[in-house]
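**Q** Below is one structure. I have some questions about it.
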Amino acid sequence: MLEFFNVHVVPWMMRIGLALTIFVVGQLIAKIVSRVIVKLLSHTKLDKILVDFLSSVVRALLLVVVIVAALDKLGVNTNSLIAMLGAAGIAIGLALQSSLQNFAAGFMLLIFRPFKAGDFVETAGTSGIIDSIGIFSTKLYTGDNKEVIIPNGAIYSSNIVNYSSRKTRRIDMIFGISYGDDIRLAKDIILKVVEEEERVLKDPKPEVAVGELAASSVNFVVRPWVKSDDYWAVKFAINEKIKLAFDENNITIPFPQTVVNIKK
């Protein structure tokens, strides 16, 4: 009985004890390493989501190594286990191909930062204010406060227009007047309205010019510069003020008309 205990029980107890020691110490090391990574990357410009994700991935990989090492001490054939894990990884990768594409795109978005939370962007056929950028998808809110969740793969494979990346923006407007109206007077009125708008920037100087002699109207291009946050408010205000100023000076804005001749 003593010989059986010494030959079989004691070695197994030692293996189990060593395996448990490797597992416990390995978990502690993985935890410490992940914290060090978070601390180091927190001083960079990387997004917090990306920092936390990288820390989690490193910790998971270290835990896999620890588990394999512990099982090896127990006498488990780790070569076949590693082969199984590799085959399972390939199968999961093929099954989650679209998800992995979104993950890779999210990784790139978090690194290169073409936009950030709070920016107004147009991408993947949708425009709105960015709420959050995740690993697999990005959430934004439209102008009428609808929540839209877009897969990162769709964003990264399409054009991204960031309207908030610059401090100033140019408003492009077109105003048409009748051919019978005085274009000099109309131009002076437009310039006066634009220059009296306090939110219009003095530099660059606003531009007002005859842009086109159209089929039924003389079209003025009006291009004032404003702060990005004032874009819509200034555009709406100038539209209203120019229409009122045209009415006060009897300048007409042509509109489509249909003439019907009735023959008896």
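Letters for chains follow the order of the structure tokens (A, B, ...), residue numbers begin at 1 for each chain, and ligand numbers begin at 1 in the order shown.
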Identify all residues of stretch 7-180 of chain A in helix (DSSP H, G or I) (DSSP on the backbone) and supply them as an MDAnalysis selection string.
**A** chainID A and resid 7:41 48:73 78:95 97:112 152:156
**Q** For A:Ser42, which residue among A:Gly86, A:Asp119, A:Gly134, A:Ser55 is the nearest when counting only C-alpha atoms?
**A** A:Ser55
**Q** Can you list, as an MDAnalysis selection string, every protein, DNA or RNA residue that comes within 12 Å of A:Val221 when you count only C-alpha atoms, leaving out same-chain residues fewer than 3 positions away?
**A** chainID A and resid 171:177 186:187 190:191 206:213 218 224
**Q** Grab the atom CA of A:Asn219 to atom CA of A:Asp203 distance for me, in Å with one decimal place.
**A**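 So the answer is 24.2 Å.
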**Q** With distances taken over only C-alpha atoms, which of A:Asp229, A:Gly180, A:Ile189, A:Ser34 is nearest to A:Tyr163?
**A** A:Asp229
**Q** Using only C-alpha atoms, which residues sit within 8 Å of A:Arg59 once same-chain residues fewer than 5 positions away are excluded, as an MDAnalysis selection string?
**A** chainID A and resid 30:31 33:34
**Q** Can you pull out the residues contacting A:Val25? Cut-off 12 Å, using only C-alpha atoms, and skip same-chain residues under 3 positions away; I want them as JSON, numbers by chain.
**A** {"A": [17, 18, 19, 20, 21, 22, 28, 29, 30, 31, 32, 62, 63, 66, 67, 69, 70]}
**Q** Using only C-alpha atoms, determine which residues lie at most 12 Å from A:Leu110, disregarding the query and same-chain residues fewer than 2 positions distant; provide the list as a VMD selection string.
**A** chain A and resid 45 to 54 103 to 108 112 to 117 132 to 138 152 156
**Q** Give me, please, the distance in Å between atom CA of A:Asn159 and atom CA of A:Leu201, quoted to one decimal.
**A**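 Atom CA of A:Leu201 lies 29.0 Å from atom CA of A:Asn159.
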**Q** Calculated over only C-alpha atoms, which of the candidates A:Arg223, A:Val64, A:Ile37, A:Glu147 has the smallest distance to A:Lys205?
**A**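 Closest to A:Lys205 of all the choices is A:Arg223.
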**Q** So which one's closest to A:Pro254, A:Leu41, A:Ala214, A:Val24, A:Ile149? Using only C-alpha atoms, please.
**A**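 When distances to A:Pro254 are compared using only C-alpha atoms, the smallest one comes from A:Ala214.
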